$ cat start_22.csv   # CSV, C-alpha atoms
chain,number,residue,atom,x,y,z
A,1,MET,CA,2.4,14.0,10.2
A,2,ALA,CA,5.0,11.3,10.9
A,3,LYS,CA,6.3,9.5,7.8
A,4,ASN,CA,9.0,7.0,6.9
A,5,MET,CA,11.7,8.8,4.8
A,6,GLN,CA,14.2,5.9,4.6
A,7,PRO,CA,15.8,5.4,1.1
A,8,ARG,CA,13.3,3.1,-0.7
A,9,PHE,CA,15.8,1.1,-2.7
A,10,LYS,CA,18.0,0.4,0.3
A,11,LEU,CA,14.9,-0.6,2.4
A,12,SER,CA,13.8,-2.9,-0.5
A,13,ARG,CA,17.2,-4.6,-0.6
A,14,ARG,CA,17.3,-5.1,3.1
A,15,LEU,CA,13.8,-6.6,3.3
A,16,GLY,CA,14.3,-8.7,0.2
A,17,VAL,CA,11.2,-7.5,-1.7
A,18,ASN,CA,10.5,-4.6,-4.1
A,19,ILE,CA,8.3,-2.5,-1.8
A,20,CYS,CA,8.2,0.5,-4.0
A,21,GLY,CA,7.4,-1.1,-7.4
A,22,HIS,CA,10.4,0.5,-9.1
A,23,PRO,CA,12.1,-1.8,-11.7
A,24,ASN,CA,15.6,-1.0,-10.4
A,25,ALA,CA,14.9,-1.3,-6.7
A,26,MET,CA,16.4,-4.8,-6.3
A,27,LYS,CA,19.2,-4.3,-8.9
A,28,ARG,CA,22.0,-4.2,-6.3
A,29,ALA,CA,20.5,-6.8,-3.9
A,30,THR,CA,23.0,-9.3,-2.5
A,31,PRO,CA,23.0,-11.8,0.3
A,32,GLU,CA,25.2,-9.4,2.3
A,33,ASN,CA,22.8,-6.5,2.2
A,34,SER,CA,19.6,-8.5,2.7
A,35,ARG,CA,18.2,-9.9,5.9
A,36,TYR,CA,15.9,-12.4,4.1
A,37,LYS,CA,19.0,-14.3,2.8
A,38,ARG,CA,20.2,-15.0,6.4
A,39,ASN,CA,19.4,-17.8,8.7
A,40,LEU,CA,16.8,-16.2,10.9
A,41,SER,CA,15.2,-17.5,14.1
A,42,ASN,CA,11.4,-17.8,14.3
A,43,TYR,CA,11.2,-14.4,16.0
A,44,GLY,CA,13.5,-12.9,13.2
A,45,LYS,CA,11.2,-14.2,10.5
A,46,GLN,CA,8.1,-12.8,12.2
A,47,LEU,CA,9.8,-9.4,12.7
A,48,LEU,CA,10.9,-9.4,9.0
A,49,GLU,CA,7.4,-10.1,7.7
A,50,LYS,CA,6.0,-7.3,10.0
A,51,GLN,CA,8.6,-4.9,8.7
A,52,LYS,CA,7.8,-5.8,5.1
A,53,LEU,CA,4.1,-5.2,5.5
A,54,LYS,CA,4.7,-1.8,7.2
A,55,ALA,CA,7.1,-0.8,4.4
A,56,TYR,CA,4.6,-1.8,1.6
A,57,TYR,CA,2.0,0.6,3.0
A,58,GLY,CA,4.3,3.2,4.5
A,59,VAL,CA,2.8,2.8,7.9
A,60,LEU,CA,4.7,3.5,11.2
A,61,GLU,CA,4.7,1.3,14.3
A,62,LYS,CA,2.0,3.0,16.4
A,63,GLN,CA,-0.5,3.2,13.6
A,64,PHE,CA,0.3,-0.4,12.5
A,65,LEU,CA,-0.3,-1.7,16.0
A,66,ARG,CA,-3.8,-0.2,15.9
A,67,TYR,CA,-4.6,-1.9,12.6
A,68,VAL,CA,-3.4,-5.2,14.1
A,69,LYS,CA,-5.6,-4.8,17.2
A,70,ASP,CA,-8.6,-4.1,15.0
A,71,ALA,CA,-7.9,-7.1,12.8
A,72,MET,CA,-7.7,-9.4,15.8
A,73,LYS,CA,-11.3,-8.3,16.6
A,74,SER,CA,-12.5,-9.2,13.1
A,75,LYS,CA,-14.5,-12.4,12.3
A,76,GLU,CA,-12.1,-13.1,9.4
A,77,LEU,CA,-8.6,-14.5,9.6
A,78,THR,CA,-6.5,-11.9,11.4
A,79,GLY,CA,-3.8,-11.8,8.7
A,80,SER,CA,-6.3,-11.4,5.8
A,81,ALA,CA,-8.3,-8.8,7.7
A,82,LEU,CA,-5.1,-6.8,8.4
A,83,VAL,CA,-4.0,-6.8,4.8
A,84,GLN,CA,-7.6,-6.0,3.6
A,85,THR,CA,-7.7,-2.9,5.9
A,86,LEU,CA,-4.3,-1.6,4.8
A,87,GLU,CA,-5.3,-2.2,1.2
A,88,CYS,CA,-8.4,-0.1,1.6
A,89,ARG,CA,-6.5,3.0,2.8
A,90,LEU,CA,-7.0,6.0,0.5
A,91,ASP,CA,-3.3,6.6,-0.3
A,92,ASN,CA,-2.9,2.9,-1.2
A,93,LEU,CA,-5.9,2.9,-3.5
A,94,VAL,CA,-4.8,6.1,-5.2
A,95,TYR,CA,-1.5,4.2,-5.9
A,96,ARG,CA,-3.2,1.0,-7.0
A,97,MET,CA,-5.5,2.9,-9.4
A,98,GLY,CA,-2.5,4.4,-11.1
A,99,PHE,CA,-3.0,8.1,-10.2
A,100,ALA,CA,0.5,8.0,-8.5
A,101,SER,CA,3.7,6.2,-9.4
A,102,SER,CA,4.5,5.3,-5.8
A,103,ILE,CA,2.8,5.1,-2.4
A,104,ARG,CA,4.7,8.2,-1.3
A,105,GLN,CA,3.5,10.2,-4.2
A,106,ALA,CA,0.0,8.9,-3.6
A,107,ARG,CA,0.2,10.1,0.0
A,108,GLN,CA,1.4,13.5,-1.1
A,109,MET,CA,-1.4,13.8,-3.6
A,110,VAL,CA,-4.0,13.1,-0.9
A,111,VAL,CA,-2.4,15.6,1.6
A,112,HIS,CA,-2.2,18.3,-1.1
A,113,ARG,CA,-5.9,17.8,-1.8
A,114,HIS,CA,-5.7,16.5,-5.4
A,115,ILE,CA,-8.0,13.6,-4.6
A,116,LEU,CA,-11.8,13.5,-4.2
A,117,VAL,CA,-13.8,10.7,-2.6
A,118,ASN,CA,-17.4,10.7,-3.8
A,119,GLY,CA,-16.9,14.3,-5.0
A,120,LYS,CA,-15.6,15.6,-1.7
A,121,ARG,CA,-12.0,16.5,-0.9
A,122,VAL,CA,-10.3,14.2,1.5
A,123,ASP,CA,-6.7,15.0,2.7
A,124,ARG,CA,-6.2,12.1,5.1
A,125,PRO,CA,-4.1,9.3,3.6
A,126,SER,CA,-5.4,6.8,6.2
A,127,PHE,CA,-9.0,7.4,5.2
A,128,ASN,CA,-10.8,4.0,5.0
A,129,VAL,CA,-12.4,3.6,1.6
A,130,SER,CA,-15.7,1.7,1.5
A,131,ILE,CA,-17.2,-0.4,-1.3
A,132,ASN,CA,-18.6,1.7,-4.1
A,133,ASP,CA,-16.7,4.8,-3.0
A,134,VAL,CA,-15.5,6.7,-6.1
A,135,ILE,CA,-12.0,8.1,-6.0
A,136,SER,CA,-11.2,10.8,-8.5
A,137,LEU,CA,-8.7,13.6,-9.4
A,138,ARG,CA,-10.1,17.1,-8.8
A,139,GLU,CA,-10.8,18.9,-12.1
A,140,LYS,CA,-7.8,21.2,-11.9
A,141,SER,CA,-5.4,18.3,-11.3
A,142,GLN,CA,-6.6,16.5,-14.4
A,143,LYS,CA,-4.5,18.9,-16.5
A,144,ASN,CA,-1.3,18.0,-14.7
A,145,GLN,CA,1.0,16.1,-17.1
A,146,MET,CA,2.6,14.0,-14.4
A,147,PHE,CA,-0.8,12.7,-13.3
A,148,ILE,CA,-1.8,12.1,-17.0
A,149,ASP,CA,1.4,10.1,-17.6
A,150,ASN,CA,0.8,8.1,-14.4
A,151,ILE,CA,-2.7,7.0,-15.3
A,152,GLU,CA,-1.8,6.2,-18.9
A,153,ASP,CA,1.1,3.9,-17.8
A,154,PRO,CA,0.3,0.4,-19.2
A,155,ASN,CA,2.2,-1.4,-16.5
A,156,LYS,CA,-0.3,-0.6,-13.7
A,157,PHE,CA,-2.1,-3.1,-11.5
A,158,GLY,CA,-5.1,-4.9,-13.0
A,159,LEU,CA,-7.0,-5.7,-9.9
A,160,SER,CA,-10.5,-7.2,-9.9
A,161,TYR,CA,-11.6,-5.2,-6.8
A,162,ILE,CA,-10.9,-1.9,-8.6
A,163,GLU,CA,-12.9,-0.5,-11.5
A,164,MET,CA,-11.2,2.3,-13.5
A,165,ASP,CA,-12.6,5.0,-15.8
A,166,LYS,CA,-9.6,6.8,-17.3
A,167,SER,CA,-11.8,9.2,-19.3
A,168,THR,CA,-13.1,10.8,-16.0
A,169,PHE,CA,-9.9,10.2,-14.1
A,170,SER,CA,-11.8,8.1,-11.5
A,171,GLY,CA,-11.9,4.7,-10.0
A,172,LYS,CA,-14.1,2.7,-7.7
A,173,LEU,CA,-13.6,0.1,-5.1
A,174,VAL,CA,-16.1,-2.5,-6.2
A,175,SER,CA,-15.4,-5.2,-3.6
A,176,LEU,CA,-13.2,-5.9,-0.6
A,177,PRO,CA,-9.8,-7.2,-1.8
A,178,ASP,CA,-9.3,-11.0,-1.6
A,179,ARG,CA,-6.0,-11.7,0.2
A,180,ASN,CA,-4.7,-13.8,-2.8
A,181,GLU,CA,-5.2,-10.9,-5.2
A,182,VAL,CA,-3.3,-8.3,-3.2
A,183,PRO,CA,0.1,-7.9,-5.0
A,184,ILE,CA,2.4,-8.1,-1.9
A,185,GLU,CA,4.9,-10.8,-0.8
A,186,VAL,CA,4.2,-11.2,2.9
A,187,GLU,CA,3.5,-14.2,5.1
A,188,ASP,CA,0.8,-12.5,7.2
A,189,HIS,CA,0.4,-15.5,9.5
A,190,LEU,CA,3.9,-14.8,10.9
A,191,ILE,CA,2.8,-11.2,11.7
A,192,VAL,CA,-0.2,-12.6,13.7
A,193,GLU,CA,2.1,-14.9,15.5
A,194,PHE,CA,4.4,-12.0,16.3
A,195,TYR,CA,1.6,-10.1,18.0
A,196,SER,CA,-0.1,-13.1,19.6
A,197,LYS,CA,2.7,-13.7,22.2

$ encode --input "start_22.csv" --output "structure tokens"
Amino acid sequence: MAKNMQPRFKLSRRLGVNICGHPNAMKRATPENSRYKRNLSNYGKQLLEKQKLKAYYGVLEKQFLRYVKDAMKSKELTGSALVQTLECRLDNLVYRMGFASSIRQARQMVVHRHILVNGKRVDRPSFNVSINDVISLREKSQKNQMFIDNIEDPNKFGLSYIEMDKSTFSGKLVSLPDRNEVPIEVEDHLIVEFYSK
């Protein structure tokens, strides 16, 4: 399985946004090591927004292009449909629900079969979660102290489209995410322009 293994803090500084959610990720950000501070052409701005969105969800180019093509067929605004699809990936929802401290850890948890969807093991990070699907930690993994600490972290996302039940180590996608609620800093219309040429 191909995956992006670039240093997360360095990538965050270069893109100008905290893509990994770590409090120290942007500590050493300066105009010299960030692209977003420079005067960019329209193409440069579009490319930067595309790279940001890919980095937020840890998706590589080939897979990202498939998501874009699917979003362009959607009846919704292409940018919103693209973000909505990425937000409903299993690895991302495991992260948003607080089972993992980062998207990379969430992906590893899924691949290592710690995660159940509607009571069944799913080991594919790109699995598309549907409304009312229940995501939970398998029983054996509920005793892992790292996972317990993750889910008890008070600084987790409080998102209206996710319903959590910490007592059973489970969460549910209760509605499709509204673009304005998704906690990412991306101008998705520029990504649509990039692929519409």

$ residues_around --input "start_22.csv" --residues "region 95-103 of chain A" --least-positions-apart "3" --cutoff "8 Å" --atoms "all atoms listed in the file" --output "list of chain:residue names"
A:Cys20, A:Gly21, A:Tyr57, A:Gly58, A:Asp91, A:Asn92, A:Ala106, A:Arg107, A:Met109, A:Leu137, A:Phe147, A:Ile148, A:Asn150, A:Ile151, A:Asp153, A:Lys156, A:Phe157, A:Ile162, A:Met164, A:Gly171

$ atom_distance --input "start_22.csv" --atom1 "CA of Lys10 (chain A)" --atom2 "CA of His22 (chain A)"
12.1 Å

$ residues_around --input "start_22.csv" --residues "Ala71 (chain A)" --least-positions-apart "6" --cutoff "7 Å" --atoms "all atoms listed in the file" --output "PyMOL selection string"
chain A and resi 78+81-82

$ closest_residue --input "start_22.csv" --among "A:Val134, A:Cys88, A:Val117, A:Val83" --to "Arg179 (chain A)" --atoms "all atoms listed in the file"
A:Val83

$ atom_distance --input "start_22.csv" --atom1 "CA of Glu193 (chain A)" --atom2 "CA of Asn128 (chain A)"
25.2 Å

$ atom_distance --input "start_22.csv" --atom1 "CA of Tyr161 (chain A)" --atom2 "CA of Ser130 (chain A)"
11.5 Å

$ closest_residue --input "start_22.csv" --among "A:Asn180, A:Asn144, A:Ser175, A:Ser196" --to "Leu65 (chain A)" --atoms "only C-alpha atoms"
A:Ser196

$ closest_residue --input "start_22.csv" --among "A:Leu15, A:Val122, A:Leu77, A:Leu86" --to "Val182 (chain A)" --atoms "only C-alpha atoms"
A:Leu86

$ closest_residue --input "start_22.csv" --among "A:Leu159, A:Val17, A:Ile115, A:Leu40" --to "Glu139 (chain A)" --atoms "only C-alpha atoms"
A:Ile115

$ closest_residue --input "start_22.csv" --among "A:Leu53, A:Gly158, A:Gln6, A:Lys27" --to "Arg104 (chain A)" --atoms "all atoms listed in the file"
A:Gln6

$ decode --input "start_22.csv" --residues "region 84-178 of chain A" --atoms "C-alpha atoms" --output "PDB file, in the first residue's frame"
ATOM      1  CA  GLN A  84     -17.401  15.313   1.741  1.00  0.00           C
ATOM      2  CA  THR A  85     -16.119  12.092   0.135  1.00  0.00           C
ATOM      3  CA  LEU A  86     -12.670  12.462   1.692  1.00  0.00           C
ATOM      4  CA  GLU A  87     -14.200  13.255   5.074  1.00  0.00           C
ATOM      5  CA  CYS A  88     -16.218  10.007   4.972  1.00  0.00           C
ATOM      6  CA  ARG A  89     -13.150   7.811   4.510  1.00  0.00           C
ATOM      7  CA  LEU A  90     -12.832   5.289   7.344  1.00  0.00           C
ATOM      8  CA  ASP A  91      -9.317   6.336   8.398  1.00  0.00           C
ATOM      9  CA  ASN A  92     -10.388   9.984   8.595  1.00  0.00           C
ATOM     10  CA  LEU A  93     -13.488   9.231  10.694  1.00  0.00           C
ATOM     11  CA  VAL A  94     -11.417   7.065  13.063  1.00  0.00           C
ATOM     12  CA  TYR A  95      -9.231  10.165  13.539  1.00  0.00           C
ATOM     13  CA  ARG A  96     -12.166  12.598  13.855  1.00  0.00           C
ATOM     14  CA  MET A  97     -13.840  10.352  16.440  1.00  0.00           C
ATOM     15  CA  GLY A  98     -10.729  10.490  18.604  1.00  0.00           C
ATOM     16  CA  PHE A  99      -9.652   6.854  18.405  1.00  0.00           C
ATOM     17  CA  ALA A 100      -6.320   8.015  16.936  1.00  0.00           C
ATOM     18  CA  SER A 101      -4.114  11.055  17.564  1.00  0.00           C
ATOM     19  CA  SER A 102      -3.317  11.532  13.864  1.00  0.00           C
ATOM     20  CA  ILE A 103      -4.517  10.446  10.434  1.00  0.00           C
ATOM     21  CA  ARG A 104      -1.440   8.205  10.100  1.00  0.00           C
ATOM     22  CA  GLN A 105      -2.184   6.459  13.380  1.00  0.00           C
ATOM     23  CA  ALA A 106      -5.821   6.062  12.307  1.00  0.00           C
ATOM     24  CA  ARG A 107      -4.728   4.425   9.052  1.00  0.00           C
ATOM     25  CA  GLN A 108      -2.447   2.047  10.938  1.00  0.00           C
ATOM     26  CA  MET A 109      -5.276   1.124  13.324  1.00  0.00           C
ATOM     27  CA  VAL A 110      -7.535   0.260  10.386  1.00  0.00           C
ATOM     28  CA  VAL A 111      -4.872  -1.780   8.565  1.00  0.00           C
ATOM     29  CA  HIS A 112      -4.017  -3.673  11.775  1.00  0.00           C
ATOM     30  CA  ARG A 113      -7.700  -4.571  12.207  1.00  0.00           C
ATOM     31  CA  HIS A 114      -8.403  -2.685  15.427  1.00  0.00           C
ATOM     32  CA  ILE A 115     -11.509  -1.107  13.876  1.00  0.00           C
ATOM     33  CA  LEU A 116     -14.980  -2.553  13.278  1.00  0.00           C
ATOM     34  CA  VAL A 117     -17.696  -1.093  11.054  1.00  0.00           C
ATOM     35  CA  ASN A 118     -21.166  -2.304  12.061  1.00  0.00           C
ATOM     36  CA  GLY A 119     -19.505  -5.109  14.033  1.00  0.00           C
ATOM     37  CA  LYS A 120     -17.384  -6.365  11.128  1.00  0.00           C
ATOM     38  CA  ARG A 121     -13.649  -5.927  10.694  1.00  0.00           C
ATOM     39  CA  VAL A 122     -12.635  -3.557   7.926  1.00  0.00           C
ATOM     40  CA  ASP A 123      -8.936  -3.175   7.092  1.00  0.00           C
ATOM     41  CA  ARG A 124      -9.209  -0.756   4.163  1.00  0.00           C
ATOM     42  CA  PRO A 125      -8.494   2.888   5.134  1.00  0.00           C
ATOM     43  CA  SER A 126     -10.292   4.226   2.037  1.00  0.00           C
ATOM     44  CA  PHE A 127     -13.528   2.387   2.942  1.00  0.00           C
ATOM     45  CA  ASN A 128     -16.461   4.783   2.379  1.00  0.00           C
ATOM     46  CA  VAL A 129     -18.533   5.111   5.549  1.00  0.00           C
ATOM     47  CA  SER A 130     -22.278   5.619   5.061  1.00  0.00           C
ATOM     48  CA  ILE A 131     -24.781   7.453   7.267  1.00  0.00           C
ATOM     49  CA  ASN A 132     -25.679   5.458  10.431  1.00  0.00           C
ATOM     50  CA  ASP A 133     -22.641   3.187  10.098  1.00  0.00           C
ATOM     51  CA  VAL A 134     -21.197   2.488  13.564  1.00  0.00           C
ATOM     52  CA  ILE A 135     -17.407   2.563  13.917  1.00  0.00           C
ATOM     53  CA  SER A 136     -15.982   0.899  17.008  1.00  0.00           C
ATOM     54  CA  LEU A 137     -12.804  -0.484  18.533  1.00  0.00           C
ATOM     55  CA  ARG A 138     -12.674  -4.261  18.670  1.00  0.00           C
ATOM     56  CA  GLU A 139     -13.054  -5.605  22.217  1.00  0.00           C
ATOM     57  CA  LYS A 140      -9.397  -6.613  22.662  1.00  0.00           C
ATOM     58  CA  SER A 141      -8.186  -3.167  21.541  1.00  0.00           C
ATOM     59  CA  GLN A 142     -10.386  -1.380  24.100  1.00  0.00           C
ATOM     60  CA  LYS A 143      -7.833  -2.383  26.769  1.00  0.00           C
ATOM     61  CA  ASN A 144      -4.956  -0.656  24.974  1.00  0.00           C
ATOM     62  CA  GLN A 145      -3.893   2.338  27.105  1.00  0.00           C
ATOM     63  CA  MET A 146      -2.874   4.433  24.100  1.00  0.00           C
ATOM     64  CA  PHE A 147      -6.352   4.103  22.561  1.00  0.00           C
ATOM     65  CA  ILE A 148      -7.973   4.872  25.942  1.00  0.00           C
ATOM     66  CA  ASP A 149      -5.854   8.038  26.276  1.00  0.00           C
ATOM     67  CA  ASN A 150      -6.738   9.077  22.713  1.00  0.00           C
ATOM     68  CA  ILE A 151     -10.481   8.797  23.218  1.00  0.00           C
ATOM     69  CA  GLU A 152     -10.352  10.586  26.597  1.00  0.00           C
ATOM     70  CA  ASP A 153      -8.442  13.562  25.147  1.00  0.00           C
ATOM     71  CA  PRO A 154     -10.646  16.637  25.805  1.00  0.00           C
ATOM     72  CA  ASN A 155      -9.217  18.532  22.798  1.00  0.00           C
ATOM     73  CA  LYS A 156     -10.911  16.338  20.191  1.00  0.00           C
ATOM     74  CA  PHE A 157     -13.160  17.571  17.401  1.00  0.00           C
ATOM     75  CA  GLY A 158     -16.764  18.238  18.369  1.00  0.00           C
ATOM     76  CA  LEU A 159     -18.494  17.703  15.033  1.00  0.00           C
ATOM     77  CA  SER A 160     -22.262  17.630  14.543  1.00  0.00           C
ATOM     78  CA  TYR A 161     -22.113  14.867  11.931  1.00  0.00           C
ATOM     79  CA  ILE A 162     -20.433  12.475  14.380  1.00  0.00           C
ATOM     80  CA  GLU A 163     -22.131  10.956  17.423  1.00  0.00           C
ATOM     81  CA  MET A 164     -19.817   9.405  20.024  1.00  0.00           C
ATOM     82  CA  ASP A 165     -20.391   6.861  22.791  1.00  0.00           C
ATOM     83  CA  LYS A 166     -17.164   6.684  24.791  1.00  0.00           C
ATOM     84  CA  SER A 167     -18.552   4.006  27.119  1.00  0.00           C
ATOM     85  CA  THR A 168     -18.700   1.522  24.240  1.00  0.00           C
ATOM     86  CA  PHE A 169     -15.693   2.914  22.332  1.00  0.00           C
ATOM     87  CA  SER A 170     -17.889   3.609  19.342  1.00  0.00           C
ATOM     88  CA  GLY A 171     -19.083   6.420  17.129  1.00  0.00           C
ATOM     89  CA  LYS A 172     -21.624   6.890  14.375  1.00  0.00           C
ATOM     90  CA  LEU A 173     -21.770   9.018  11.241  1.00  0.00           C
ATOM     91  CA  VAL A 174     -25.200  10.614  11.709  1.00  0.00           C
ATOM     92  CA  SER A 175     -25.217  12.853   8.616  1.00  0.00           C
ATOM     93  CA  LEU A 176     -23.081  13.810   5.661  1.00  0.00           C
ATOM     94  CA  PRO A 177     -20.600  16.527   6.644  1.00  0.00           C
ATOM     95  CA  ASP A 178     -21.470  20.087   5.694  1.00  0.00           C
TER      96      ASP A 178
END
